[in-house]
Every structure is written in C-alpha cells, then in structure tokens.
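Here the structure is laid out as structure tokens; the discussion comes afterwards.
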Amino acid sequence: MKDEYDVVVVGGGPSGAMAAKFAALGGASVLLIEKRQEIGTPIRCAEGVGLKDMDRFLDLQPRHISQNISGATIYAPDGTALKLRAKEGEIAGYILERKVFDRSLVESAAKAGADVFTKSSATSLIMEKDTVVGVKISRLDVEKEIRCKIIIGADGVESKVGRWAGLCPAIKLKDIESGVQFLMTDIDIDSENIEFFMGNQYAPGGYVWIFPKGKDRANVGIGLLGSKIKDGGRPIDYLNEFVKKRFPDGKIAEINYGGVPVSGGLEKMYGKGIMLVGDAAQCTDPITGGGIKSGLWSGELAGKVAADAVKSGNWSEKALSKYQHDWEKLYGKPMRVNLVLKDYYVDMTDEEANKLAHELAKHDFTGVMEVPDLVKILSKVDKKLLLKLGAA
Ligand code: FAD
C-alpha cells in the first residue's frame, strides 16, 4: 500500500467517484477511500434524476436504471393535482438503481487510474501550519497515515472532513431536511409517473414522494424541514400514516434514513490543501433535495482543479479557489433561485398553497418537468415571487 498520493478523496458516493475520476484523468495519482465494505449500499436516496447531463458522467446501461419517468403529479394540501408531463414520446428522467450506479461510477474512477480502498475510514486530517497535508485512515482496522497534496472531502451530509478542516459549521435546523424512505412492493402505481404530496398533514416544510421502481414497487419517502418539526413529530410517523392510507396492502422491503442539506451550499468549499464536494459541501438542490447530479458536477469540477493544481505545482488555497469559482458559474444562480423557492414554499400556509394550486391548475404543464420551467409558470401566477426571484 502506497503512503503518498497527489490527491486523496474521502467518500465513495457519486461526488467522490467523480472527483477521483477527473483528478486521475488529469494525471494526478489518486486514492479514493470508502468506509463501507461495498460501494453503493445501503442507499440513502429516492434515486430520481433528470435526464440532462447524465450521460456525461456514465455510459448509462439498463442495469443502472430501474424506471424511466415521463410525468409528475404534484398534489396540493386539498388534493388539487398538477400534472406535469414530458413531451409526447419523450422521457424526462430516471429512477436509478443506485446500488449499481454508484458502483459503476467508482469503477470508472478506478479505470481512470485511481486506487480504491473500501472498508477504509478517514479518522483525522494531518495538518501542518494550518494546511491539510494528509489523512489518517483505518483500513481493515489497521491505522495508517497517507500524505497528499490535496484532500477532497466527499464524505456526505455528516462530513467529518469538512468539520476537521473548519469548513462546515453545525448545520441549522432550517437548512436540513430529515428523510426516511421505504422501498415498497405490491403497490398500485403508475410506473412512469412520480408523485409529490404537499401540506402540513403530509410533511411540514417538506413533501412525501412516490418514485416508481417498476410496475408495482417504489421508493416511498418523506422529507421534513428540521425547523418545522413540532412536538417530537418524527418523519417515520408521518410516513407510516401516509402509507397506511395510500398503500394499505403494500409491503416494506427496505427502510433507509438520511439528512438532506437544503442551505444552497457552503459559502466556502475549499481551504488550504482541501476541497469539499457533494453533500459534504451542501451542494444539494434546496427545493427538490436532489443531490446526485449537483454532486457529480461538483466532483468533476473539484477533480479537474485538483489535477491542474498538481500539474502546475501550485496547490495553494488561491489555486483551489478556482473550484468555487467554477461551481458558482455553473450552479450559483440556480441554487440561489431554488433557495428563494424553498423559503417561499416553507412559509406558505396550506390555504395559500391550495389557492396557488387552483391558479396553476389552469395552465398546461406539457413539457414542464424541470424546476426552471415550473418557475416560469409560478412567476406568472405570483408576481411577488417574480420580484423575489429577480433579486436572487
Ligand atoms: P454520499 O452519497 O452520502 O456518499 C458519501 C460517502 O462517504 C458514503 O459512501 C459514506 O460511507 C462515505 N464516508 C463517510 N464518512 C467517511 C469516512 N470518514 N471515511 C471514508 N468514507 C466515508 N438526490 C437526488 O438527486 N435524487 C433523489 O431522489 C434523492 N433522494 C433522496 C432521498 C433521501 C431520503 C435522502 C437522504 C437523500 C436523497 N437525495 C436525492 C440526495 C442524494 O442521495 C445525495 O445528495 C447524494 O448521495 C450525495 O452524494 P455524495 O457522494 O455527496 O454523498
């Protein structure tokens, strides 16, 4: 086992895999470590992604996709249904099979030249004069020090790497959704249509989702905003209540829990000898909670910056700041817009949401499957929102 690399990536999720792949493709020597014994399992995700850009990150094969999606129904608190549809004959996105997808991503990083260690945890950072110069790891219960020029923290929403480096302050309750999800079987669903249920009865400050994974199975989950959870209400109680009514005969085949950052991203995603990507940098979309694609993108951007820094012999904090600059160019505006949308949604009463849904229901949602398209219609209906979005 080598004890020195140019770049060490901590975490073998989608973001870490892309960071490792692009750093290796750029000529850096790369080690990716993952604490679990297997990549991709257990999943903590509803596995939904839009079509756009997906082929950039992986040559998607049928084994990576459990369901093509061509429509979405959003239910207001009073049951008013907004039916979003892809154009005739088109699909809008996928429900992935992340157990396979994540593994293929990491294999693509290995193919690009990265070494991959599973069952290997980062236990602390090695610092010299405020600069990260390596990481202590526990691999198969053996302690080891690995020196490197750059660490990329891709260790997810509970990122320790970010905290050790002083980049992640404690996340506020208004900036985190608590999620719980069942993989359900023997249920009656429209397999090409995802469903969202809004309102305080379902999910205060969040929503319930049904993401089909075939003709009679689906990820059925809930995300609740931390600051809206009252009187010890637990996400799983809300989900059980929903499932009892909607799928009384369904079976629960898996349960998974997890937090989703909805802050719109860390103000600073890099430091001396370090960058954070994906959930570790809170790159998740504040309105949908989706973090797969933004994580893949952040991994690619950070991996490229790391490789260039190594190649040029300059991995100073200023050199690594290019990553934040590139991220801002790509995702800064959409993140700010979606943060405004999140606050707009969270502050809305059920009555206001119903009124808005009644207005929206008059519109045609054919070809509207992405948030920016929905925003265009929302802004026509609510001029106050338009003003707020203008300032974002
Ligand atoms: P992760 O996938 O969390 O990977 C981090 C990895 O780091 C893990 O494998 C972990 O084991 C490893 N790790 C942690 N600590 C260490 C350590 N010390 N040493 C070594 N390894 C370590 N996003 C979507 O786009 N669509 C969805 O439908 C969707 N649904 C979701 C539903 C739920 C209930 C939740 C919780 C999240 C959902 N998300 C969804 C968000 C999405 O799952 C994440 O944004 C995405 O997984 C982020 O990828 P990542 O690589 O940054 O982090």
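Convention: chains lettered A, B, ... in structure tokens order; per-chain residue numbering from 1; ligands numbered from 1 as shown.
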
Quick one: residues within 8 Å of stretch 272-277 of chain A, only C-alpha atoms counted, chain neighbours fewer than 5 positions away excluded, as a PDB file with N, CA and C atoms, in the first residue's frame?
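Final output, around.pdb:
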```pdb
ATOM      1  N   SER A  15     -20.254  11.886  -5.756  1.00  0.00           N
ATOM      2  CA  SER A  15     -19.379  13.062  -5.811  1.00  0.00           C
ATOM      3  C   SER A  15     -17.914  12.658  -5.696  1.00  0.00           C
ATOM      4  N   GLY A  16     -17.638  11.763  -4.761  1.00  0.00           N
ATOM      5  CA  GLY A  16     -16.257  11.311  -4.571  1.00  0.00           C
ATOM      6  C   GLY A  16     -15.760  10.544  -5.785  1.00  0.00           C
ATOM      7  N   ALA A  19     -14.881  13.048  -8.426  1.00  0.00           N
ATOM      8  CA  ALA A  19     -13.671  13.799  -8.061  1.00  0.00           C
ATOM      9  C   ALA A  19     -12.443  12.931  -8.340  1.00  0.00           C
ATOM     10  N   ASP A 130      -1.610  24.957   9.553  1.00  0.00           N
ATOM     11  CA  ASP A 130      -2.975  25.243   9.058  1.00  0.00           C
ATOM     12  C   ASP A 130      -3.307  24.610   7.723  1.00  0.00           C
ATOM     13  N   THR A 131      -2.400  23.816   7.183  1.00  0.00           N
ATOM     14  CA  THR A 131      -2.638  23.249   5.852  1.00  0.00           C
ATOM     15  C   THR A 131      -2.817  21.742   5.968  1.00  0.00           C
ATOM     16  N   VAL A 132      -3.790  21.230   5.216  1.00  0.00           N
ATOM     17  CA  VAL A 132      -4.003  19.779   5.216  1.00  0.00           C
ATOM     18  C   VAL A 132      -2.908  19.139   4.357  1.00  0.00           C
ATOM     19  N   VAL A 133      -2.192  18.184   4.942  1.00  0.00           N
ATOM     20  CA  VAL A 133      -1.110  17.537   4.175  1.00  0.00           C
ATOM     21  C   VAL A 133      -1.286  16.017   4.132  1.00  0.00           C
ATOM     22  N   LYS A 149      -1.141  15.968  -1.438  1.00  0.00           N
ATOM     23  CA  LYS A 149      -1.103  17.416  -1.690  1.00  0.00           C
ATOM     24  C   LYS A 149      -2.494  18.019  -1.447  1.00  0.00           C
ATOM     25  N   ILE A 150      -3.508  17.253  -1.844  1.00  0.00           N
ATOM     26  CA  ILE A 150      -4.890  17.765  -1.740  1.00  0.00           C
ATOM     27  C   ILE A 150      -5.814  16.655  -1.245  1.00  0.00           C
ATOM     28  N   ILE A 151      -6.663  17.014  -0.285  1.00  0.00           N
ATOM     29  CA  ILE A 151      -7.743  16.114   0.156  1.00  0.00           C
ATOM     30  C   ILE A 151      -9.050  16.623  -0.449  1.00  0.00           C
ATOM     31  N   ILE A 152      -9.853  15.706  -0.971  1.00  0.00           N
ATOM     32  CA  ILE A 152     -11.204  16.096  -1.393  1.00  0.00           C
ATOM     33  C   ILE A 152     -12.193  15.378  -0.475  1.00  0.00           C
ATOM     34  N   GLY A 153     -12.905  16.163   0.311  1.00  0.00           N
ATOM     35  CA  GLY A 153     -13.893  15.607   1.248  1.00  0.00           C
ATOM     36  C   GLY A 153     -15.200  15.360   0.504  1.00  0.00           C
ATOM     37  N   ALA A 154     -15.547  14.085   0.352  1.00  0.00           N
ATOM     38  CA  ALA A 154     -16.792  13.704  -0.340  1.00  0.00           C
ATOM     39  C   ALA A 154     -17.546  12.756   0.579  1.00  0.00           C
ATOM     40  N   GLY A 162     -14.981  17.957   6.482  1.00  0.00           N
ATOM     41  CA  GLY A 162     -15.296  19.388   6.461  1.00  0.00           C
ATOM     42  C   GLY A 162     -15.184  20.005   7.845  1.00  0.00           C
ATOM     43  N   ALA A 165     -11.585  20.307   9.058  1.00  0.00           N
ATOM     44  CA  ALA A 165     -10.864  21.394   8.380  1.00  0.00           C
ATOM     45  C   ALA A 165     -11.455  22.758   8.725  1.00  0.00           C
ATOM     46  N   GLN A 282     -22.725  20.680   0.924  1.00  0.00           N
ATOM     47  CA  GLN A 282     -24.150  21.050   0.913  1.00  0.00           C
ATOM     48  C   GLN A 282     -24.593  21.519  -0.481  1.00  0.00           C
ATOM     49  N   CYS A 283     -24.139  20.781  -1.494  1.00  0.00           N
ATOM     50  CA  CYS A 283     -24.441  21.146  -2.881  1.00  0.00           C
ATOM     51  C   CYS A 283     -25.841  20.730  -3.333  1.00  0.00           C
ATOM     52  N   GLY A 295     -23.909  16.768  -7.148  1.00  0.00           N
ATOM     53  CA  GLY A 295     -22.735  16.107  -6.564  1.00  0.00           C
ATOM     54  C   GLY A 295     -21.767  15.632  -7.637  1.00  0.00           C
ATOM     55  N   SER A 298     -20.049  18.731  -8.966  1.00  0.00           N
ATOM     56  CA  SER A 298     -19.046  19.305  -8.047  1.00  0.00           C
ATOM     57  C   SER A 298     -17.814  18.416  -8.008  1.00  0.00           C
ATOM     58  N   GLY A 299     -18.035  17.091  -8.078  1.00  0.00           N
ATOM     59  CA  GLY A 299     -16.897  16.165  -8.104  1.00  0.00           C
ATOM     60  C   GLY A 299     -16.038  16.392  -9.339  1.00  0.00           C
ATOM     61  N   ALA A 302     -14.114  19.777  -8.970  1.00  0.00           N
ATOM     62  CA  ALA A 302     -13.022  19.714  -7.981  1.00  0.00           C
ATOM     63  C   ALA A 302     -11.893  18.803  -8.470  1.00  0.00           C
ATOM     64  N   TRP A 315      -0.720  24.148  -5.478  1.00  0.00           N
ATOM     65  CA  TRP A 315      -1.985  23.731  -4.870  1.00  0.00           C
ATOM     66  C   TRP A 315      -2.295  24.603  -3.643  1.00  0.00           C
ATOM     67  N   SER A 316      -1.935  25.877  -3.795  1.00  0.00           N
ATOM     68  CA  SER A 316      -2.213  26.838  -2.715  1.00  0.00           C
ATOM     69  C   SER A 316      -3.736  26.999  -2.580  1.00  0.00           C
ATOM     70  N   GLU A 317      -4.150  27.625  -1.486  1.00  0.00           N
ATOM     71  CA  GLU A 317      -5.582  27.889  -1.282  1.00  0.00           C
ATOM     72  C   GLU A 317      -6.138  28.699  -2.454  1.00  0.00           C
ATOM     73  N   LEU A 320      -6.831  26.530  -5.376  1.00  0.00           N
ATOM     74  CA  LEU A 320      -8.027  25.685  -5.190  1.00  0.00           C
ATOM     75  C   LEU A 320      -9.328  26.496  -5.218  1.00  0.00           C
ATOM     76  N   TYR A 323     -12.059  26.179  -7.909  1.00  0.00           N
ATOM     77  CA  TYR A 323     -13.183  25.226  -7.810  1.00  0.00           C
ATOM     78  C   TYR A 323     -14.469  25.973  -7.441  1.00  0.00           C
TER      79      TYR A 323
END
```

Contacts to ligand 1 at 7 Å cut-off (only C-alpha atoms and all ligand atoms) as number ranges by chain: A: 10-16, 33-36, 39-40, 44-49, 120-123, 154-157, 159-160, 179-181, 221, 223, 256-260, 277-280, 284, 289-293, 295

Write out as JSON lines a residue-level contact list of stretch 43-113 of chain A versus stretch 344-355 of chain A with cut-off 9 Å: for each qualifying residue the closest pair of atoms and the distance in Å to one decimal, counting only C-alpha atoms, rows sorted by chain and residue number upward.
```
{"residue": "A:Ala76", "atom": "CA", "partner": "A:Asn354", "partner_atom": "CA", "distance": 5.8}
{"residue": "A:Pro77", "atom": "CA", "partner": "A:Asp350", "partner_atom": "CA", "distance": 6.0}
{"residue": "A:Asp78", "atom": "CA", "partner": "A:Asn354", "partner_atom": "CA", "distance": 6.3}
{"residue": "A:Gly79", "atom": "CA", "partner": "A:Asn354", "partner_atom": "CA", "distance": 8.4}
{"residue": "A:Thr80", "atom": "CA", "partner": "A:Asn354", "partner_atom": "CA", "distance": 7.3}
```

Please identify which residues in stretch 61-275 of chain A DSSP calls strand (DSSP E or B) from the backbone, and express them as a PyMOL selection string. chain A and resi 65-69+71-75+81-85+93-96+115-117+120-128+131-139+142-153+176-185+193-198+207-212+218-225+251-261+270-271+274-275

Would you mind listing, for every residue of stretch 109-177 of chain A within 10 Å of stretch 225-245 of chain A, the two atoms forming the shortest contact and the distance between them in Å to one decimal, using only C-alpha atoms, sorted by chain and ascending residue number, as CSV?
```
residue,atom,partner,partner_atom,distance
A:Lys172,CA,A:Gly226,CA,8.2
A:Leu173,CA,A:Gly226,CA,4.5
A:Lys174,CA,A:Ser227,CA,4.9
A:Asp175,CA,A:Gly226,CA,7.4
A:Ile176,CA,A:Gly226,CA,5.8
A:Glu177,CA,A:Leu225,CA,4.4
```

Emit the selected residues as an mmCIF file, in the first residue's frame, including C-alpha atoms.
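Final output, out-v1.cif:
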```cif
data_model
loop_
_atom_site.group_PDB
_atom_site.id
_atom_site.type_symbol
_atom_site.label_atom_id
_atom_site.label_comp_id
_atom_site.auth_asym_id
_atom_site.auth_seq_id
_atom_site.Cartn_x
_atom_site.Cartn_y
_atom_site.Cartn_z
ATOM 1 C CA LYS A 172 -29.013 24.813 11.219
ATOM 2 C CA LEU A 173 -32.414 23.120 11.539
ATOM 3 C CA LYS A 174 -33.851 25.351 8.809
ATOM 4 C CA ASP A 175 -31.123 24.091 6.473
ATOM 5 C CA ILE A 176 -31.689 20.356 6.769
ATOM 6 C CA GLU A 177 -34.487 18.026 5.745
#
```

Contact residues around A:Gln37 with only C-alpha atoms at 10 Å, ignoring same-chain residues under 6 positions, as a PDB file with N, CA and C atoms, in the first residue's frame:
```pdb
ATOM      1  N   PHE A 117      -9.869   2.018  -2.005  1.00  0.00           N
ATOM      2  CA  PHE A 117      -9.881   1.162  -0.811  1.00  0.00           C
ATOM      3  C   PHE A 117     -11.265   1.230  -0.194  1.00  0.00           C
ATOM      4  N   THR A 118     -11.950   0.119  -0.091  1.00  0.00           N
ATOM      5  CA  THR A 118     -13.190   0.103   0.685  1.00  0.00           C
ATOM      6  C   THR A 118     -12.856  -0.378   2.104  1.00  0.00           C
ATOM      7  N   LYS A 119     -13.849  -0.334   2.966  1.00  0.00           N
ATOM      8  CA  LYS A 119     -13.668  -0.647   4.399  1.00  0.00           C
ATOM      9  C   LYS A 119     -12.489   0.143   4.978  1.00  0.00           C
ATOM     10  N   SER A 120     -12.399   1.382   4.534  1.00  0.00           N
ATOM     11  CA  SER A 120     -11.305   2.264   4.957  1.00  0.00           C
ATOM     12  C   SER A 120     -11.879   3.619   5.335  1.00  0.00           C
ATOM     13  N   LEU A 140      -9.312  -1.818   7.284  1.00  0.00           N
ATOM     14  CA  LEU A 140      -9.479  -3.166   7.823  1.00  0.00           C
ATOM     15  C   LEU A 140      -8.901  -3.210   9.250  1.00  0.00           C
TER      16      LEU A 140
END
```

Name all residues at most 8 Å from A:Lys213 (count only C-alpha atoms; drop same-chain ones fewer than 3 positions away) and give them as a list in words. Ser66, Gln67, Ile95, Ser191, Asp216, Arg217, Ala218 and Asn219 of chain A

Now that the selection is made, can you save its residues with N, CA and C atoms as a PDB file, in the first residue's frame?
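Here's the written file again33.pdb:
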```
ATOM      1  N   SER A  66     -33.809   1.839 -12.938  1.00  0.00           N
ATOM      2  CA  SER A  66     -34.912   0.923 -12.626  1.00  0.00           C
ATOM      3  C   SER A  66     -36.210   1.379 -13.280  1.00  0.00           C
ATOM      4  N   GLN A  67     -36.295   2.654 -13.672  1.00  0.00           N
ATOM      5  CA  GLN A  67     -37.547   3.110 -14.287  1.00  0.00           C
ATOM      6  C   GLN A  67     -37.329   4.416 -15.051  1.00  0.00           C
ATOM      7  N   ILE A  95     -35.496   6.874 -12.510  1.00  0.00           N
ATOM      8  CA  ILE A  95     -35.256   6.411 -11.147  1.00  0.00           C
ATOM      9  C   ILE A  95     -34.103   5.422 -11.308  1.00  0.00           C
ATOM     10  N   SER A 191     -46.355   3.493 -13.195  1.00  0.00           N
ATOM     11  CA  SER A 191     -44.905   3.322 -13.067  1.00  0.00           C
ATOM     12  C   SER A 191     -44.074   4.397 -13.761  1.00  0.00           C
ATOM     13  N   ASP A 216     -44.898  -2.400  -9.820  1.00  0.00           N
ATOM     14  CA  ASP A 216     -45.626  -2.442  -8.547  1.00  0.00           C
ATOM     15  C   ASP A 216     -44.690  -2.222  -7.355  1.00  0.00           C
ATOM     16  N   ARG A 217     -43.583  -1.509  -7.592  1.00  0.00           N
ATOM     17  CA  ARG A 217     -42.681  -1.195  -6.469  1.00  0.00           C
ATOM     18  C   ARG A 217     -42.173   0.240  -6.605  1.00  0.00           C
ATOM     19  N   ALA A 218     -41.883   0.876  -5.464  1.00  0.00           N
ATOM     20  CA  ALA A 218     -41.498   2.288  -5.499  1.00  0.00           C
ATOM     21  C   ALA A 218     -40.758   2.675  -4.219  1.00  0.00           C
ATOM     22  N   ASN A 219     -39.932   3.710  -4.348  1.00  0.00           N
ATOM     23  CA  ASN A 219     -39.398   4.388  -3.167  1.00  0.00           C
ATOM     24  C   ASN A 219     -40.487   5.335  -2.687  1.00  0.00           C
TER      25      ASN A 219
END
```

From stretch 256-369 of chain A, collect each residue whose DSSP state is helix (DSSP H, G or I) and return the set as a VMD selection string. chain A and resid 278 to 281 292 to 312 317 to 346 350 to 360

In Å, rounded to a single decimal, give me how far atom CA of A:Gln201 is from atom CA of A:Pro248.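 For atom CA of A:Pro248 relative to atom CA of A:Gln201, the distance reads 18.0 Å.
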
Contacts of A:Phe101 at 9 Å (only C-alpha atoms; same-chain gap of 3+ positions) as a PDB file with C-alpha atoms, in the first residue's frame:
```
ATOM      1  CA  PRO A  14     -21.245   9.843  -6.680  1.00  0.00           C
ATOM      2  CA  GLY A  40     -23.494   1.914  -3.156  1.00  0.00           C
ATOM      3  CA  LEU A  58     -21.515   7.467 -17.020  1.00  0.00           C
ATOM      4  CA  LEU A  60     -25.806   4.576 -18.638  1.00  0.00           C
ATOM      5  CA  ARG A  63     -28.801  -2.075 -15.231  1.00  0.00           C
ATOM      6  CA  HIS A  64     -28.282   1.471 -13.859  1.00  0.00           C
ATOM      7  CA  ILE A  65     -31.933   2.459 -14.350  1.00  0.00           C
ATOM      8  CA  LEU A  96     -31.779   4.966 -10.896  1.00  0.00           C
ATOM      9  CA  GLU A  97     -30.621   1.716  -9.359  1.00  0.00           C
ATOM     10  CA  ARG A  98     -28.046   3.445  -7.181  1.00  0.00           C
ATOM     11  CA  SER A 104     -20.106   1.766 -11.789  1.00  0.00           C
ATOM     12  CA  LEU A 105     -19.087   5.349 -11.035  1.00  0.00           C
ATOM     13  CA  VAL A 106     -16.359   4.178  -8.678  1.00  0.00           C
TER      14      VAL A 106
END
```

Which residue gives the smallest distance to A:Ile377 among A:Glu38, A:Asp308, A:Glu128, A:Asp364, with only C-alpha atoms counted? A:Asp364

Restricting the calculation to only C-alpha atoms: of A:Ala361, A:Ile146, A:Leu266, A:Leu25, which residue gets closest to A:Leu84?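 Using only C-alpha atoms, the shortest distance to A:Leu84 belongs to A:Ala361.
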
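With only C-alpha atoms as the basis for measurement, A:Leu356 is the residue among A:Leu356, A:Cys168, A:Gly367, A:Arg56 that approaches A:Asp382 most closely.
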
Near A:Ala92, within 7 Å and counting only C-alpha atoms, which residues show up once chain neighbours fewer than 2 positions away are dropped, as a PyMOL selection string? chain A and resi 50-51+69-70+86+90+369
